[in-house]
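Colleague: As input, take my_file.txt (compact mmCIF, C-alpha atoms and all ligand atoms):
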# COMPACT_ATOMS: atom_id res chain seq x y z
CA MET H 1 35.51 67.75 19.33
CA ALA H 2 39.02 67.95 17.90
CA GLN H 3 41.51 69.50 20.32
CA GLY H 4 44.25 72.15 19.98
CA ALA H 5 47.13 71.01 17.83
CA ASP H 6 45.03 68.37 16.04
CA ARG H 7 42.66 70.85 14.52
CA SER H 8 44.01 72.63 11.44
CA ILE H 9 43.34 70.65 8.29
CA LEU H 10 44.49 71.72 4.84
CA VAL H 11 41.71 71.13 2.31
CA THR H 12 43.10 71.26 -1.22
CA GLY H 13 40.33 72.00 -3.69
CA GLY H 14 38.26 73.20 -0.74
CA ALA H 15 36.20 75.51 -2.96
CA GLY H 16 35.06 72.60 -5.14
CA PHE H 17 31.90 70.57 -4.84
CA ILE H 18 32.93 67.85 -2.38
CA GLY H 19 35.67 70.02 -0.86
CA SER H 20 33.36 72.86 0.17
CA HIS H 21 30.87 70.49 1.82
CA THR H 22 33.74 68.79 3.65
CA VAL H 23 34.87 72.20 4.94
CA VAL H 24 31.42 72.53 6.56
CA ALA H 25 31.57 69.00 8.00
CA LEU H 26 35.08 69.61 9.38
CA ALA H 27 34.03 72.84 11.05
CA ALA H 28 30.95 71.14 12.54
CA ALA H 29 33.25 68.49 14.02
CA GLY H 30 35.48 71.10 15.68
CA PHE H 31 38.30 71.12 13.13
CA ARG H 32 39.77 74.27 11.61
CA PRO H 33 39.70 73.91 7.80
CA VAL H 34 42.18 75.89 5.71
CA ILE H 35 41.47 75.96 1.98
CA ILE H 36 43.93 76.02 -0.88
CA ASP H 37 42.27 76.30 -4.27
CA ASP H 38 43.33 77.88 -7.55
CA PHE H 39 39.68 78.43 -8.59
CA SER H 40 40.33 76.82 -11.98
CA ASN H 41 37.09 74.86 -11.60
CA SER H 42 35.34 76.68 -8.78
CA GLN H 43 33.99 80.12 -8.02
CA GLN H 44 34.61 82.76 -5.37
CA ARG H 45 30.93 82.69 -4.41
CA VAL H 46 31.59 79.37 -2.68
CA LEU H 47 33.52 81.30 -0.05
CA ASP H 48 30.50 83.57 0.49
CA GLY H 49 28.30 80.50 0.91
CA LEU H 50 30.73 79.03 3.44
CA ARG H 51 30.72 82.31 5.36
CA ASP H 52 26.92 82.31 5.41
CA ILE H 53 26.82 78.77 6.78
CA LEU H 54 29.68 79.02 9.25
CA GLY H 55 29.42 82.66 10.30
CA TYR H 56 33.10 83.40 9.64
CA ASP H 57 35.60 83.50 6.79
CA VAL H 58 37.41 80.23 6.24
CA PRO H 59 41.12 80.92 5.59
CA CYS H 60 41.66 80.45 1.85
CA TYR H 61 44.85 80.51 -0.19
CA VAL H 62 44.12 81.23 -3.83
CA GLN H 63 47.00 79.17 -5.09
CA ASP H 64 47.92 76.03 -7.00
CA CYS H 65 48.72 73.17 -4.64
CA ASN H 66 51.30 72.06 -7.20
CA ASP H 67 53.31 75.11 -6.13
CA ARG H 68 56.16 73.54 -4.16
CA ALA H 69 57.52 76.89 -3.01
CA ILE H 70 54.53 78.03 -1.00
CA LEU H 71 53.44 74.87 0.81
CA PRO H 72 56.05 74.51 3.60
CA GLY H 73 55.43 78.09 4.78
CA LEU H 74 51.68 77.57 4.63
CA PHE H 75 51.91 74.33 6.64
CA GLN H 76 53.94 76.08 9.32
CA ARG H 77 51.94 79.32 9.45
CA GLU H 78 48.60 77.54 9.70
CA ASN H 79 49.83 74.79 12.01
CA ILE H 80 48.56 72.12 9.61
CA CYS H 81 48.22 68.64 11.16
CA GLY H 82 46.43 66.82 8.34
CA VAL H 83 45.50 67.13 4.69
CA ILE H 84 42.42 66.26 2.66
CA HIS H 85 43.43 66.30 -0.98
CA PHE H 86 40.53 67.01 -3.35
CA ALA H 87 42.27 69.24 -5.89
CA ALA H 88 42.28 67.43 -9.23
CA PHE H 89 40.86 67.62 -12.72
CA LYS H 90 37.86 65.32 -13.04
CA ALA H 91 36.29 65.50 -16.50
CA VAL H 92 36.55 62.04 -18.03
CA GLY H 93 36.15 63.16 -21.67
CA GLU H 94 38.55 66.10 -21.35
CA SER H 95 41.16 63.78 -19.80
CA MET H 96 41.27 61.82 -23.08
CA GLU H 97 41.88 65.01 -25.07
CA GLU H 98 44.42 66.55 -22.69
CA PRO H 99 46.23 63.59 -21.11
CA LEU H 100 49.40 65.42 -20.16
CA ARG H 101 47.52 68.21 -18.47
CA TYR H 102 45.70 65.59 -16.39
CA TYR H 103 48.84 63.62 -15.54
CA ARG H 104 50.77 66.78 -14.68
CA ASN H 105 48.03 68.17 -12.47
CA ASN H 106 46.62 65.09 -10.77
CA LEU H 107 49.88 63.20 -10.24
CA GLY H 108 52.05 66.28 -9.75
CA SER H 109 49.93 67.79 -7.01
CA LEU H 110 49.93 64.58 -5.00
CA MET H 111 53.71 64.16 -5.38
CA THR H 112 54.29 67.73 -4.29
CA LEU H 113 52.00 67.38 -1.29
CA LEU H 114 53.57 64.10 -0.21
CA GLU H 115 57.07 65.55 -0.40
CA VAL H 116 56.05 68.55 1.67
CA MET H 117 54.15 66.40 4.18
CA LEU H 118 57.16 64.14 4.71
CA GLU H 119 59.47 67.15 4.99
CA THR H 120 57.26 68.96 7.53
CA GLY H 121 56.26 65.88 9.56
CA VAL H 122 52.55 66.02 8.71
CA SER H 123 51.49 62.40 8.33
CA ASP H 124 47.71 62.26 8.00
CA LEU H 125 46.14 62.36 4.55
CA ILE H 126 42.72 61.60 3.14
CA PHE H 127 42.82 61.11 -0.62
CA SER H 128 39.91 61.42 -3.10
CA SER H 129 39.80 58.26 -5.14
CA SER H 130 36.96 56.92 -7.21
CA CYS H 131 34.94 53.77 -7.86
CA THR H 132 36.16 54.17 -11.43
CA VAL H 133 39.14 51.98 -10.37
CA TYR H 134 36.79 48.94 -10.39
CA GLY H 135 35.79 49.39 -14.04
CA GLU H 136 32.80 47.10 -14.73
CA PRO H 137 32.80 44.98 -11.56
CA GLU H 138 32.21 41.23 -11.80
CA THR H 139 30.30 41.10 -8.51
CA LEU H 140 27.93 43.61 -6.98
CA PRO H 141 28.01 45.23 -4.54
CA VAL H 142 31.69 45.80 -5.22
CA ALA H 143 34.11 45.38 -2.29
CA GLU H 144 37.57 46.90 -1.88
CA THR H 145 39.06 43.44 -2.51
CA ALA H 146 37.72 43.45 -6.09
CA PRO H 147 40.50 43.70 -8.66
CA VAL H 148 41.41 47.12 -9.99
CA GLN H 149 40.67 47.03 -13.72
CA PRO H 150 42.72 48.63 -16.47
CA ALA H 151 41.60 52.25 -16.51
CA ALA H 152 39.16 53.26 -19.23
CA SER H 153 40.21 56.93 -19.14
CA VAL H 154 43.22 59.08 -18.34
CA TYR H 155 41.26 60.52 -15.42
CA GLY H 156 40.66 56.99 -14.07
CA ASN H 157 44.32 56.15 -14.60
CA THR H 158 45.42 59.15 -12.54
CA LYS H 159 43.30 57.86 -9.64
CA GLN H 160 44.88 54.40 -9.92
CA ILE H 161 48.41 55.76 -10.11
CA CYS H 162 47.77 58.06 -7.14
CA GLU H 163 46.55 55.10 -5.08
CA GLU H 164 49.73 53.21 -6.01
CA MET H 165 51.88 56.19 -5.09
CA LEU H 166 50.28 56.32 -1.65
CA ARG H 167 50.46 52.57 -1.10
CA ASP H 168 54.14 52.45 -2.09
CA THR H 169 55.07 55.44 0.08
CA ALA H 170 53.45 53.86 3.15
CA ALA H 171 54.94 50.43 2.28
CA ALA H 172 58.39 52.02 2.19
CA GLY H 173 57.91 52.88 5.86
CA LYS H 174 57.64 56.62 5.31
CA PRO H 175 55.71 58.55 7.97
CA LEU H 176 52.49 58.63 5.97
CA ARG H 177 49.09 57.62 7.29
CA CYS H 178 46.56 57.68 4.52
CA ILE H 179 43.04 56.58 3.73
CA ALA H 180 41.95 56.72 0.09
CA LEU H 181 38.18 57.02 -0.15
CA ARG H 182 36.75 55.53 -3.32
CA TYR H 183 33.79 57.77 -4.03
CA PHE H 184 30.71 56.53 -5.75
CA ASN H 185 28.43 59.23 -7.31
CA PRO H 186 28.12 62.33 -5.09
CA VAL H 187 24.91 64.32 -5.57
CA GLY H 188 22.88 66.94 -3.71
CA ALA H 189 23.89 70.13 -1.96
CA HIS H 190 24.02 71.64 1.50
CA PRO H 191 20.43 71.83 2.85
CA THR H 192 20.75 75.62 3.33
CA ALA H 193 21.29 75.95 -0.47
CA LYS H 194 24.29 78.18 0.27
CA ILE H 195 26.73 75.82 -1.42
CA GLY H 196 26.28 73.12 -4.05
CA GLU H 197 27.63 71.90 -7.36
CA LEU H 198 28.75 74.66 -9.73
CA PRO H 199 29.67 73.09 -13.06
CA LEU H 200 31.41 75.41 -15.48
CA GLY H 201 29.65 75.29 -18.86
CA THR H 202 27.60 72.27 -19.88
CA PRO H 203 27.46 69.74 -17.04
CA ASN H 204 28.94 66.29 -17.65
CA ASN H 205 27.26 64.72 -14.66
CA LEU H 206 23.71 63.54 -14.38
CA VAL H 207 22.17 65.54 -11.53
CA PRO H 208 23.38 69.02 -12.53
CA TYR H 209 22.18 68.29 -16.05
CA ILE H 210 18.76 67.36 -14.68
CA THR H 211 18.45 70.40 -12.41
CA GLN H 212 19.58 72.77 -15.19
CA THR H 213 17.02 71.24 -17.54
CA ALA H 214 14.23 71.57 -14.97
CA ALA H 215 15.32 75.19 -14.41
CA GLY H 216 15.00 75.91 -18.15
CA ILE H 217 18.73 76.48 -18.71
CA ARG H 218 18.86 73.42 -21.01
CA PRO H 219 15.93 72.46 -23.24
CA GLN H 220 16.11 68.72 -22.68
CA MET H 221 18.17 66.06 -20.98
CA THR H 222 19.17 62.80 -22.58
CA ILE H 223 19.32 59.46 -20.83
CA PHE H 224 22.35 57.77 -22.33
CA GLY H 225 21.02 54.35 -23.32
CA ASP H 226 18.10 52.19 -22.17
CA ASP H 227 19.38 48.92 -23.58
CA TYR H 228 21.73 47.97 -20.74
CA PRO H 229 21.19 44.58 -19.06
CA THR H 230 19.46 46.12 -16.01
CA PRO H 231 15.78 45.92 -14.94
CA ASP H 232 14.77 49.13 -16.76
CA GLY H 233 17.63 49.17 -19.28
CA THR H 234 19.38 52.26 -17.83
CA CYS H 235 22.69 52.31 -15.94
CA ILE H 236 22.82 51.78 -12.19
CA ARG H 237 24.92 53.92 -9.83
CA ASP H 238 25.35 54.43 -6.11
CA PHE H 239 24.28 58.06 -5.61
CA ILE H 240 25.48 59.44 -2.28
CA HIS H 241 24.46 62.74 -0.68
CA VAL H 242 27.47 65.03 -0.74
CA MET H 243 27.05 65.84 2.98
CA ASP H 244 27.21 62.13 3.81
CA LEU H 245 30.37 61.89 1.73
CA ALA H 246 31.76 65.00 3.46
CA GLU H 247 31.16 63.39 6.85
CA ALA H 248 32.97 60.24 5.70
CA HIS H 249 36.11 62.38 5.37
CA VAL H 250 35.79 63.58 8.94
CA ALA H 251 35.31 60.00 10.16
CA ALA H 252 38.38 58.89 8.17
CA LEU H 253 40.49 61.72 9.55
CA ARG H 254 39.48 60.89 13.11
CA ALA H 255 40.37 57.25 12.50
CA LEU H 256 43.86 58.26 11.39
CA GLN H 257 44.30 60.53 14.41
CA GLN H 258 43.20 57.70 16.70
CA LEU H 259 45.90 55.41 15.33
CA GLY H 260 48.16 57.02 17.92
CA ALA H 261 51.79 58.07 17.79
CA ASP H 262 53.10 54.52 17.34
CA ALA H 263 51.41 54.00 14.00
CA HIS H 264 54.00 55.38 11.62
CA SER H 265 52.86 54.21 8.18
CA HIS H 266 49.35 53.32 7.23
CA TYR H 267 47.48 52.98 3.96
CA ASP H 268 43.98 51.74 3.35
CA VAL H 269 41.22 52.11 0.77
CA LEU H 270 37.55 52.41 1.70
CA ASN H 271 34.43 52.54 -0.43
CA ALA H 272 32.40 55.69 0.23
CA GLY H 273 28.91 54.96 -1.04
CA THR H 274 25.46 54.12 0.27
CA GLY H 275 25.48 50.44 -0.68
CA ARG H 276 22.36 50.91 -2.79
CA GLY H 277 22.08 51.08 -6.55
CA HIS H 278 19.54 53.26 -8.36
CA SER H 279 18.99 53.37 -12.10
CA VAL H 280 19.23 56.60 -14.08
CA LEU H 281 15.53 56.34 -14.92
CA GLU H 282 14.63 55.80 -11.25
CA LEU H 283 16.60 58.91 -10.37
CA VAL H 284 14.88 60.93 -13.10
CA ARG H 285 11.47 59.87 -11.77
CA LEU H 286 12.43 60.52 -8.18
CA PHE H 287 13.63 63.98 -9.16
CA GLY H 288 10.17 64.70 -10.58
CA GLU H 289 8.58 63.72 -7.26
CA ALA H 290 11.13 65.57 -5.14
CA SER H 291 11.00 68.81 -7.13
CA GLY H 292 7.44 68.83 -8.44
CA GLN H 293 8.91 69.60 -11.88
CA ARG H 294 8.18 67.85 -15.14
CA LEU H 295 11.50 67.01 -16.65
CA ASN H 296 11.81 67.09 -20.42
CA TYR H 297 13.96 64.08 -21.25
CA ARG H 298 14.53 61.68 -24.09
CA ILE H 299 16.29 58.37 -24.45
CA GLY H 300 19.46 58.66 -26.53
CA PRO H 301 22.33 56.37 -27.46
CA ARG H 302 24.81 55.04 -24.93
CA ARG H 303 27.67 57.33 -23.89
CA ALA H 304 31.10 55.89 -24.70
CA GLY H 305 32.94 54.58 -21.65
CA ASP H 306 29.92 54.20 -19.35
CA ILE H 307 29.73 51.03 -17.31
CA THR H 308 26.45 49.17 -16.74
CA ALA H 309 26.20 49.04 -12.97
CA VAL H 310 28.25 49.81 -9.89
CA TYR H 311 27.36 50.16 -6.23
CA ALA H 312 29.38 49.82 -3.09
CA ASP H 313 29.87 47.12 -0.54
CA VAL H 314 30.00 49.37 2.50
CA SER H 315 30.77 46.79 5.19
CA LYS H 316 34.44 47.80 5.46
CA ILE H 317 33.87 51.52 5.93
CA GLN H 318 31.03 50.81 8.38
CA SER H 319 33.13 48.54 10.53
CA GLN H 320 36.36 50.57 10.35
CA LEU H 321 34.99 54.10 10.70
CA GLY H 322 31.56 53.52 12.21
CA TRP H 323 30.27 55.68 9.36
CA SER H 324 27.37 55.05 7.05
CA ALA H 325 25.35 57.27 4.73
CA ARG H 326 22.18 58.47 6.45
CA ARG H 327 20.48 60.74 3.91
CA SER H 328 18.09 59.42 1.25
CA LEU H 329 18.39 59.94 -2.48
CA ARG H 330 15.13 61.88 -2.41
CA GLU H 331 16.63 64.25 0.18
CA ALA H 332 19.70 64.68 -2.03
CA LEU H 333 17.51 65.54 -5.03
CA GLU H 334 15.42 67.99 -2.99
CA ASP H 335 18.65 69.68 -1.86
CA ALA H 336 20.05 69.72 -5.41
CA TRP H 337 16.84 71.34 -6.68
CA ARG H 338 16.77 73.90 -3.85
CA TRP H 339 20.35 74.81 -4.77
CA GLU H 340 19.52 75.17 -8.48
CA GLU H 341 16.60 77.47 -7.60
CA HIS H 342 18.83 79.49 -5.29
CA LEU H 343 21.26 80.02 -8.20
CA LYS H 344 18.51 81.74 -10.21
CA GLN H 345 18.04 84.40 -7.54
C1 LIG H 401 32.05 59.55 -13.83
C2 LIG H 401 33.22 58.70 -13.54
C3 LIG H 401 33.60 58.82 -12.09
C4 LIG H 401 33.92 60.24 -11.82
C5 LIG H 401 32.75 61.11 -12.15
C6 LIG H 401 33.20 62.53 -11.98
C7 LIG H 401 33.61 56.66 -14.75
C8 LIG H 401 33.14 55.26 -14.98
N1 LIG H 401 32.92 57.32 -13.85
O1 LIG H 401 30.95 58.97 -13.13
O2 LIG H 401 34.72 58.05 -11.79
O3 LIG H 401 34.27 60.38 -10.47
O4 LIG H 401 32.32 60.88 -13.48
O5 LIG H 401 32.76 63.39 -12.91
O6 LIG H 401 34.56 57.11 -15.31
N2 LIG H 401 23.86 60.24 -17.66
C9 LIG H 401 22.80 60.44 -18.52
N3 LIG H 401 22.62 61.70 -19.04
C10 LIG H 401 23.43 62.75 -18.73
C11 LIG H 401 24.51 62.52 -17.84
C12 LIG H 401 24.71 61.25 -17.32
O7 LIG H 401 22.04 59.53 -18.83
O8 LIG H 401 23.22 63.85 -19.24
C13 LIG H 401 24.06 58.90 -17.09
C14 LIG H 401 25.39 58.27 -17.46
O9 LIG H 401 25.27 57.57 -18.65
C15 LIG H 401 25.62 57.38 -16.24
C16 LIG H 401 24.94 58.09 -15.08
O10 LIG H 401 24.05 59.02 -15.69
O11 LIG H 401 24.99 56.14 -16.44
C17 LIG H 401 25.89 58.86 -14.19
O12 LIG H 401 26.72 59.68 -15.01
P1 LIG H 401 27.71 60.76 -14.39
O13 LIG H 401 26.96 61.65 -13.45
O14 LIG H 401 28.44 61.40 -15.52
O15 LIG H 401 28.72 59.91 -13.49
P2 LIG H 401 29.59 58.61 -13.87
O16 LIG H 401 29.81 58.49 -15.32
O17 LIG H 401 28.96 57.46 -13.17
Since I need it in another form, could you write the structure as structure tokens?
Ligand code: UD1
Modeller:
Amino acid sequence: MAQGADRSILVTGGAGFIGSHTVVALAAAGFRPVIIDDFSNSQQRVLDGLRDILGYDVPCYVQDCNDRAILPGLFQRENICGVIHFAAFKAVGESMEEPLRYYRNNLGSLMTLLEVMLETGVSDLIFSSSCTVYGEPETLPVAETAPVQPAASVYGNTKQICEEMLRDTAAAGKPLRCIALRYFNPVGAHPTAKIGELPLGTPNNLVPYITQTAAGIRPQMTIFGDDYPTPDGTCIRDFIHVMDLAEAHVAALRALQQLGADAHSHYDVLNAGTGRGHSVLELVRLFGEASGQRLNYRIGPRRAGDITAVYADVSKIQSQLGWSARRSLREALEDAWRWEEHLKQ
């Protein structure tokens, strides 16, 4: 259980998919999450879901975390002792059409937060990075020591630049203690079906597209390519239950807090995945079993920019945080389907 002054954690983007599940995991671990979210890619109903799960209203500031003027007061008022920074734009395709919007938002918000953290003496930060930094890895599973590849999208580039910003700030001896978690593919929902993924418009990601198709919202889903050099020809990803990923943030935060007062500057990157790869076709089949639904799908052409296969080497995060994913992919798909059905009601 977190104690007194170590409890209040600012969760930027806390009404988003991974953010809202992390709010639940933080509260379960005895922390006091405080959300800041501008609701540009999330909905107010998330707050209702959080209230249903937790039994109280999570403090929430409906504001842009790029807003330099409001943050110092918020940090002080809420007695913030650590930050988990989720707030960012994340649509790969859109990032290629609107590069400046992505650079402004994703880089700007981290710069603003870092300045305010240094100014107010809050040192502990967990940053949302992505396995996209590895590009198409040469060896699988991919370890944190693998080279970062030139980014294939503006979105991916913002993650790389943010990692560099954090590394350089810690290397300069500033009072920053940060872990960047490189997420693999988060899927699923909270088992109560009170919160889950809420894509605005047509989903870009695989699992929401599948659940919306099974629910009859979309007529058919397309598997993007079955001619990849993999056993069944479809791409391979490391799909991680969003609650497992949420708990990884809590473990990372605790690790920073346990560094003690002497540790002034710290920066590390950790893979947050399951260590297992599943193909898109395997996932589609498993969804059928988990949901009892017949999914209408077809095989289409490859999607530009997709890599063939990526899954995590999880030995570093296991040894450093004592964390590993414990939920199965089937459980994640059952939870995702329960959530989709709940949305219909
Ligand atoms: C991408 C990004 C990742 C980012 C995430 C957030 C890359 C390489 N990856 O993950 O960094 O964090 O988006 O949005 O930039 N698929 C289909 N049909 C569909 C949708 C997807 O077959 O309708 C396939 C894709 O081709 C891919 C797999 O499913 O092989 C997963 O796709 P998706 O869920 O979009 O995630 P990534 O592209 O892996």
Colleague: How would you report the residues lying within 6 Å of ligand LIG 401 (chain H), as JSON, numbers by chain, if you count only C-alpha atoms and all ligand atoms?
Modeller: {"H": [90, 91, 92, 130, 131, 132, 204, 205, 206, 209, 221, 222, 223, 224, 235, 280, 303, 306, 307]}
Colleague: So which residues touch Gly173 in chain H within 9 Å, counting only C-alpha atoms, skipping near sequence neighbours fewer than 6 positions away, as a PDB file with C-alpha atoms, in the coordinates of the input?
Modeller:
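result_0.pdb, freshly written:
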ATOM      1  CA  HIS H 264      54.000  55.380  11.620  1.00  0.00           C
ATOM      2  CA  SER H 265      52.860  54.210   8.180  1.00  0.00           C
ATOM      3  CA  HIS H 266      49.350  53.320   7.230  1.00  0.00           C
TER       4      HIS H 266
END
Colleague: Counting all atoms listed in the file, what is within 10 Å of Met117 in chain H, bar same-chain residues fewer than 5 positions away, as a PyMOL selection string?
Modeller: chain H and resi 71-72+75+80-83+111-112+122-125+175-176
Colleague: Which neighbours of Met96 in chain H fall inside 10 Å, counting all atoms listed in the file, when residues of the same chain fewer than 3 positions from it are skipped, and could you give them as a VMD selection string?
Modeller: chain H and resid 91 to 93 99 to 100 102 152 to 155
Colleague: Listing only residues of range 64-115 of chain H within 9 Å of range 159-166 of chain H, what is the closest atom pair and its distance in Å (to one decimal) for each, using only C-alpha atoms, sorted by chain and residue number ascending, as a tab-separated table?
Modeller:
residue	atom	partner	partner_atom	distance
H:Asn106	CA	H:Cys162	CA	8.0
H:Leu107	CA	H:Cys162	CA	6.4
H:Leu110	CA	H:Cys162	CA	7.2
H:Met111	CA	H:Met165	CA	8.2
H:Leu114	CA	H:Leu166	CA	8.6
Colleague: Return the single residue from H:Thr234, H:Ser42, H:Thr169, H:Ser129 that is closest to Gly16 in chain H, with distances computed using only C-alpha atoms.
Modeller: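 Ranked by minimum distance to Gly16 in chain H, first place goes to H:Ser42.
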Colleague: Rank nothing, just name the residue among H:Pro150, H:Gly216, H:Pro141, H:Pro191 nearest to Ala312 in chain H, using all atoms listed in the file.
Modeller: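 Closest to Ala312 in chain H of all the choices is H:Pro141.
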Colleague: Return as CSV the residues of range 246-280 of chain H lying at most 8 Å from range 316-319 of chain H, together with the closest atom-to-atom pair for each and the distance in Å to one decimal, counting only C-alpha atoms, with rows in chain order and ascending residue number.
Modeller:
residue,atom,partner,partner_atom,distance
H:Leu270,CA,H:Ile317,CA,5.7
H:Asn271,CA,H:Ile317,CA,6.5
H:Ala272,CA,H:Ile317,CA,7.2
Colleague: Write out the residues from the selection above, keeping C-alpha atoms, as a PDB file, in the coordinates of the input.
Modeller:
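Below is the file part-v9.pdb, written as the result:
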ATOM      1  CA  LEU H 270      37.550  52.410   1.700  1.00  0.00           C
ATOM      2  CA  ASN H 271      34.430  52.540  -0.430  1.00  0.00           C
ATOM      3  CA  ALA H 272      32.400  55.690   0.230  1.00  0.00           C
TER       4      ALA H 272
END
Colleague: Compute the distance from (26.4, 64.5, -2.5) to each atom, counting all atoms listed in the file, keep the residues with any atom at most 9 Å away, and return them as a PyMOL selection string; use the coordinates of the file.
Modeller: chain H and resi 17-18+21+185-190+196-197+239-246+332+336
Colleague: So which one's closest to Glu247 in chain H, H:Gly156, H:Pro137, H:Gly322, H:Gly292? Using all atoms listed in the file, please.
Modeller: H:Gly322
Colleague: For Ile126 in chain H, which residue out of H:Trp337, H:Leu113, H:Phe287, H:Ala261 is the nearest one, using only C-alpha atoms?
Modeller: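 When distances to Ile126 in chain H are compared using only C-alpha atoms, the smallest one comes from H:Leu113.
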Colleague: Point out the residue among H:Ile70, H:Leu198, H:Leu140, H:Val148 with the least atom-to-atom distance to Gln43 in chain H, counting only C-alpha atoms.
Modeller: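 Of H:Ile70, H:Leu198, H:Leu140, H:Val148, the one nearest Gln43 in chain H is H:Leu198, counting only C-alpha atoms.
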Colleague: Determine the nearest neighbour of Thr158 in chain H from the options H:Gly135, H:Gly19, H:Pro203, H:Gly108, counting only C-alpha atoms.
Modeller: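 Once distances to Thr158 in chain H are computed over only C-alpha atoms, the minimum belongs to H:Gly108.
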Colleague: Report the distance between CA of Ala28 in chain H and CA of Asp64 in chain H in Å, rounded to one decimal place.
Modeller: 26.3 Å
Colleague: Using only the atoms of range 320-327 of chain H listed in the file, plus 6 Å on each side, state the axis-aligned box centre and edge lengths in Å rounded to one decimal, as lines of an AutoDock Vina configuration file.
Modeller:
center_x = 28.4
center_y = 55.7
center_z = 8.1
size_x = 27.9
size_y = 22.2
size_z = 20.3
Colleague: Quick one: pull the distance between CA of Ser8 in chain H and CA of Glu78 in chain H, Å, one decimal.
Modeller: 6.9 Å
Colleague: Since the input is missing atoms, can you rebuild N, CA and C atoms for range 118-129 of chain H and write them as a PDB file, in the coordinates of the input?
Modeller:
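Ended up saving to part.pdb:
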ATOM      1  N   LEU H 118      56.061  64.899   4.102  1.00  0.00           N
ATOM      2  CA  LEU H 118      57.160  64.140   4.710  1.00  0.00           C
ATOM      3  C   LEU H 118      58.214  65.098   5.287  1.00  0.00           C
ATOM      4  N   GLU H 119      58.452  66.166   4.565  1.00  0.00           N
ATOM      5  CA  GLU H 119      59.470  67.150   4.990  1.00  0.00           C
ATOM      6  C   GLU H 119      59.037  67.882   6.273  1.00  0.00           C
ATOM      7  N   THR H 120      57.735  68.149   6.399  1.00  0.00           N
ATOM      8  CA  THR H 120      57.260  68.960   7.530  1.00  0.00           C
ATOM      9  C   THR H 120      56.700  68.093   8.664  1.00  0.00           C
ATOM     10  N   GLY H 121      56.711  66.773   8.483  1.00  0.00           N
ATOM     11  CA  GLY H 121      56.260  65.880   9.560  1.00  0.00           C
ATOM     12  C   GLY H 121      54.750  65.821   9.727  1.00  0.00           C
ATOM     13  N   VAL H 122      54.011  66.168   8.663  1.00  0.00           N
ATOM     14  CA  VAL H 122      52.550  66.020   8.710  1.00  0.00           C
ATOM     15  C   VAL H 122      52.221  64.674   8.081  1.00  0.00           C
ATOM     16  N   SER H 123      51.616  63.771   8.856  1.00  0.00           N
ATOM     17  CA  SER H 123      51.490  62.400   8.330  1.00  0.00           C
ATOM     18  C   SER H 123      50.108  62.052   7.800  1.00  0.00           C
ATOM     19  N   ASP H 124      49.071  62.755   8.256  1.00  0.00           N
ATOM     20  CA  ASP H 124      47.710  62.260   8.000  1.00  0.00           C
ATOM     21  C   ASP H 124      47.079  62.839   6.735  1.00  0.00           C
ATOM     22  N   LEU H 125      46.646  61.939   5.863  1.00  0.00           N
ATOM     23  CA  LEU H 125      46.140  62.360   4.550  1.00  0.00           C
ATOM     24  C   LEU H 125      44.900  61.545   4.173  1.00  0.00           C
ATOM     25  N   ILE H 126      43.872  62.264   3.753  1.00  0.00           N
ATOM     26  CA  ILE H 126      42.720  61.600   3.140  1.00  0.00           C
ATOM     27  C   ILE H 126      42.763  61.946   1.654  1.00  0.00           C
ATOM     28  N   PHE H 127      42.687  60.914   0.827  1.00  0.00           N
ATOM     29  CA  PHE H 127      42.820  61.110  -0.620  1.00  0.00           C
ATOM     30  C   PHE H 127      41.496  60.774  -1.324  1.00  0.00           C
ATOM     31  N   SER H 128      41.132  61.617  -2.301  1.00  0.00           N
ATOM     32  CA  SER H 128      39.910  61.420  -3.100  1.00  0.00           C
ATOM     33  C   SER H 128      40.172  60.431  -4.212  1.00  0.00           C
ATOM     34  N   SER H 129      39.732  59.200  -4.025  1.00  0.00           N
ATOM     35  CA  SER H 129      39.800  58.260  -5.140  1.00  0.00           C
ATOM     36  C   SER H 129      38.385  58.028  -5.670  1.00  0.00           C
TER      37      SER H 129
END
